[in-house]
Amino acid sequence: MNSAESTQENLTIAGKTYGSRLLVGTGKYRDFEETRAAIETSGTEIVTVTIRRVNIGQDVDEPNLLDFIPPSKYTILPNTGGCYNAKDAVYTLQLARELLNGHKLVKLEVLGDEKTLFPNMPETLKAAETLVADGFDVMVYCSDDPIQARMLEQIGCVAIMPLASLIGSGMGILNPWNLSLIIEQATVPVIVDAGVGTASDAAIAMELGCDGVLMNTAIAGARDPVRMARAMTLAVQAGRDAYLAGRVPKRFAASPSSPMAGRAT
């Protein structure tokens with residue numbers, strides 16, 4: 001593999017390079033042991049944690065996730081799941097920064113309502129501006145709207161994370177055209193966030209040209225989370241290879257694998 005190919009195989013976010021393009025969440029597992037096993041099998045290097053729901057030191061009397069998923073081994077990505085306005089999201093990530101000794105890389109998500117968990121984009125933009133000004137490296141969950149994605153990048157977000165479909169729905173990539181528009185214009189990584197249900201969804205996201213895929217429910221909610229974690233990392237790798245290889249064009253007519261042209265009769 002030459003140096004250019006090697007660079008294409010790595011994901012760089014906020015100046016740090018990662019070998020894996022799969023990002024994994026820590027919610028919905030049976031216990032922290034299952035969380036650890038699935039995350040280890042996935043090969044991920046970035047693990048996202050919902051500060052409002054998972055203990056990373058806020059409660060000294062409860063088991064600490066960081067004892068199972070140590071920051072020495074993984075990049076911990078605190079997120080603001082459960083926040084419905086900019087003020088709460090900013091406060092939550094400031095708390096995370098204190099708990100993680102000045103950690104700057106965060107995932108911002110500001111939700112619109114409890115039913116859809118769709119992003120509240122006005123509040124997301126407001127929170128992003130505040131966090132970037134406060135020195136955070138902001139990865140941001142957003143709608144699959146190319147205009148909103150461009151605005152978030154202009155604010156200074158280090159990664160754009162459009163949803164594929166509703167959080168936890170497992171519906172897969174519902175609007176590949178919008179994702180393609182976001183990818184085409186972006187100069188920062190585009191990482192599909194939310195809606196992936198199975199390995200083929202992850203492969204499709206990568207084949208479109210996404211820089212990575214973040215998932216939680218698709219692994220944690222599977223009948224066998226550890227086996228699904230392995231399937232997901234293989235799917236992300238296969239999708240990336242297919243994207244780099246370049247698929248054959250779609251045709252409206254047959255094209256034989258063994259052409260007859262030029263053969264002697």
# chains A, B, ... in the order shown; residues from 1 in each chain; ligands from 1
>>> select_by_dssp(residues="segment 21-173 of chain A", states="alpha helix (DSSP H)", output="PyMOL selection string")
chain A and resi 32-42+86-99+121-133+146-155
>>> closest_atom_pairs(of="segment 160-199 of chain A", to="segment 206-210 of chain A", cutoff="10 Å", atoms="only C-alpha atoms", output="Markdown table")
| residue | atom | partner | partner_atom | distance |
| --- | --- | --- | --- | --- |
| A:Met161 | CA | A:Cys210 | CA | 9.7 |
| A:Pro176 | CA | A:Leu208 | CA | 7.5 |
| A:Trp177 | CA | A:Leu208 | CA | 9.2 |
| A:Leu179 | CA | A:Leu208 | CA | 7.8 |
| A:Ser180 | CA | A:Leu208 | CA | 6.5 |
| A:Ile182 | CA | A:Cys210 | CA | 9.4 |
| A:Ile183 | CA | A:Cys210 | CA | 6.6 |
| A:Glu184 | CA | A:Gly209 | CA | 8.7 |
| A:Pro189 | CA | A:Cys210 | CA | 7.6 |
| A:Val190 | CA | A:Cys210 | CA | 5.5 |
| A:Ile191 | CA | A:Cys210 | CA | 5.8 |
| A:Val192 | CA | A:Cys210 | CA | 6.9 |
>>> closest_atom_pairs(of="segment 106-199 of chain A", to="segment 51-60 of chain A", cutoff="12 Å", atoms="only C-alpha atoms", output="CSV")
residue,atom,partner,partner_atom,distance
A:Val106,CA,A:Ile51,CA,10.8
A:Lys107,CA,A:Ile51,CA,10.6
A:Leu108,CA,A:Ile51,CA,11.3
A:Glu109,CA,A:Ile51,CA,11.8
>>> atom_distance(atom1="atom CA of Asn178 of chain A", atom2="atom CA of Ile160 of chain A")
13.1 Å
>>> atom_distance(atom1="atom CA of Ala159 of chain A", atom2="atom CA of Gly15 of chain A")
11.5 Å
>>> residues_around(residues="Ile204 of chain A", least_positions_apart="6", cutoff="12 Å", atoms="only C-alpha atoms", output="list of chain:residue names")
A:Ala164, A:Gly172, A:Ile173, A:Leu174, A:Asn175, A:Pro176, A:Leu179, A:Ser180, A:Val192, A:Val196, A:Gly197, A:Thr198, A:Cys210, A:Asp211, A:Gly212, A:Val213, A:Met232, A:Ala235, A:Val236, A:Gln237, A:Ala238, A:Gly239, A:Arg240, A:Asp241, A:Ala242, A:Tyr243
>>> atom_distance(atom1="atom CA of Val47 of chain A", atom2="atom CA of Ile69 of chain A")
8.3 Å
>>> residues_around(residues="Glu129 of chain A", least_positions_apart="5", cutoff="10 Å", atoms="only C-alpha atoms", output="VMD selection string")
chain A and resid 86 123 to 124 134 138 152 154 to 157
>>> select_by_dssp(residues="segment 54-223 of chain A", states="strand (DSSP E)", output="PyMOL selection string")
chain A and resi 75-79+105-108+137-142+159-162+191-193+212-215
>>> residues_around(residues="Asp113 of chain A", least_positions_apart="5", cutoff="12 Å", atoms="only C-alpha atoms", output="list in words")
Gly81, Gly82, Cys83, Tyr84, Asn85, Phe118, Pro119, Asn120, Met121, Leu166 and Ile167 of chain A
>>> write_last_selection(atoms="all heavy atoms", output="compact mmCIF listing (two decimals), in the first residue's frame")
# COMPACT_ATOMS: atom_id res chain seq x y z
N GLY A 81 -26.70 13.68 24.46
CA GLY A 81 -27.98 13.01 24.33
C GLY A 81 -28.88 13.34 25.51
O GLY A 81 -28.44 13.34 26.66
N GLY A 82 -30.15 13.63 25.24
CA GLY A 82 -31.08 14.01 26.29
C GLY A 82 -31.21 15.50 26.51
O GLY A 82 -32.01 15.95 27.33
N CYS A 83 -30.44 16.30 25.76
CA CYS A 83 -30.53 17.76 25.86
C CYS A 83 -31.46 18.30 24.77
O CYS A 83 -31.39 17.88 23.62
CB CYS A 83 -29.15 18.40 25.72
SG CYS A 83 -28.03 18.05 27.10
N TYR A 84 -32.30 19.27 25.16
CA TYR A 84 -33.30 19.81 24.23
C TYR A 84 -33.14 21.30 24.00
O TYR A 84 -33.97 21.92 23.34
CB TYR A 84 -34.71 19.48 24.75
CG TYR A 84 -35.00 18.00 24.71
CD1 TYR A 84 -34.66 17.18 25.78
CD2 TYR A 84 -35.59 17.41 23.59
CE1 TYR A 84 -34.90 15.82 25.75
CE2 TYR A 84 -35.84 16.06 23.55
CZ TYR A 84 -35.49 15.26 24.63
OH TYR A 84 -35.72 13.90 24.57
N ASN A 85 -32.07 21.88 24.54
CA ASN A 85 -31.79 23.29 24.26
C ASN A 85 -30.29 23.52 24.34
O ASN A 85 -29.54 22.71 24.90
CB ASN A 85 -32.56 24.22 25.20
CG ASN A 85 -32.20 23.99 26.66
OD1 ASN A 85 -31.08 24.27 27.08
ND2 ASN A 85 -33.15 23.47 27.44
N PHE A 118 -35.35 13.98 16.60
CA PHE A 118 -34.80 14.71 15.46
C PHE A 118 -34.04 15.92 15.99
O PHE A 118 -34.42 16.51 17.00
CB PHE A 118 -35.95 15.16 14.55
CG PHE A 118 -35.56 15.31 13.11
CD1 PHE A 118 -35.44 14.18 12.30
CD2 PHE A 118 -35.32 16.55 12.56
CE1 PHE A 118 -35.08 14.31 10.96
CE2 PHE A 118 -34.95 16.69 11.22
CZ PHE A 118 -34.83 15.56 10.43
N PRO A 119 -32.97 16.34 15.33
CA PRO A 119 -32.22 17.49 15.84
C PRO A 119 -32.98 18.80 15.75
O PRO A 119 -33.67 19.07 14.78
CB PRO A 119 -30.98 17.52 14.93
CG PRO A 119 -31.37 16.79 13.69
CD PRO A 119 -32.35 15.75 14.13
N ASN A 120 -32.85 19.59 16.81
CA ASN A 120 -33.35 20.96 16.82
C ASN A 120 -32.25 21.83 16.26
O ASN A 120 -31.29 22.18 16.94
CB ASN A 120 -33.69 21.37 18.26
CG ASN A 120 -34.23 22.78 18.37
OD1 ASN A 120 -33.85 23.67 17.60
ND2 ASN A 120 -35.09 23.02 19.34
N MET A 121 -32.36 22.17 14.99
CA MET A 121 -31.24 22.83 14.32
C MET A 121 -30.97 24.26 14.80
O MET A 121 -29.80 24.65 14.94
CB MET A 121 -31.42 22.77 12.80
CG MET A 121 -31.28 21.36 12.23
SD MET A 121 -29.76 20.53 12.78
CE MET A 121 -28.49 21.64 12.19
N LEU A 166 -34.10 8.07 11.81
CA LEU A 166 -34.28 8.43 13.22
C LEU A 166 -33.42 7.58 14.15
O LEU A 166 -33.19 6.39 13.90
CB LEU A 166 -35.76 8.30 13.61
CG LEU A 166 -36.75 9.22 12.88
CD1 LEU A 166 -38.15 9.03 13.46
CD2 LEU A 166 -36.32 10.67 12.97
N ILE A 167 -32.96 8.20 15.23
CA ILE A 167 -32.13 7.52 16.22
C ILE A 167 -32.80 6.23 16.69
O ILE A 167 -33.97 6.24 17.09
CB ILE A 167 -31.87 8.43 17.42
CG1 ILE A 167 -30.96 9.61 17.03
CG2 ILE A 167 -31.24 7.66 18.58
CD1 ILE A 167 -30.76 10.63 18.13
>>> residues_around(residues="Leu181 of chain A", least_positions_apart="6", cutoff="10 Å", atoms="only C-alpha atoms", output="PyMOL selection string")
chain A and resi 144-147+149
>>> write_last_selection(atoms="N, CA, C and O atoms", output="mmCIF file, in the first residue's frame")
data_model
loop_
_atom_site.group_PDB
_atom_site.id
_atom_site.type_symbol
_atom_site.label_atom_id
_atom_site.label_comp_id
_atom_site.auth_asym_id
_atom_site.auth_seq_id
_atom_site.Cartn_x
_atom_site.Cartn_y
_atom_site.Cartn_z
ATOM 1 N N ASP A 144 -30.116 16.006 7.713
ATOM 2 C CA ASP A 144 -29.402 15.776 6.450
ATOM 3 C C ASP A 144 -29.686 16.896 5.453
ATOM 4 O O ASP A 144 -29.907 16.658 4.271
ATOM 5 N N ASP A 145 -29.611 18.117 5.946
ATOM 6 C CA ASP A 145 -29.837 19.322 5.156
ATOM 7 C C ASP A 145 -28.481 19.907 4.781
ATOM 8 O O ASP A 145 -27.723 20.334 5.654
ATOM 9 N N PRO A 146 -28.132 19.938 3.498
ATOM 10 C CA PRO A 146 -26.813 20.439 3.097
ATOM 11 C C PRO A 146 -26.545 21.882 3.525
ATOM 12 O O PRO A 146 -25.394 22.237 3.813
ATOM 13 N N ILE A 147 -27.588 22.712 3.578
ATOM 14 C CA ILE A 147 -27.399 24.119 3.969
ATOM 15 C C ILE A 147 -27.032 24.209 5.443
ATOM 16 O O ILE A 147 -26.094 24.924 5.829
ATOM 17 N N ALA A 149 -25.715 21.843 7.215
ATOM 18 C CA ALA A 149 -24.397 21.227 7.359
ATOM 19 C C ALA A 149 -23.297 22.225 7.028
ATOM 20 O O ALA A 149 -22.279 22.319 7.732
#
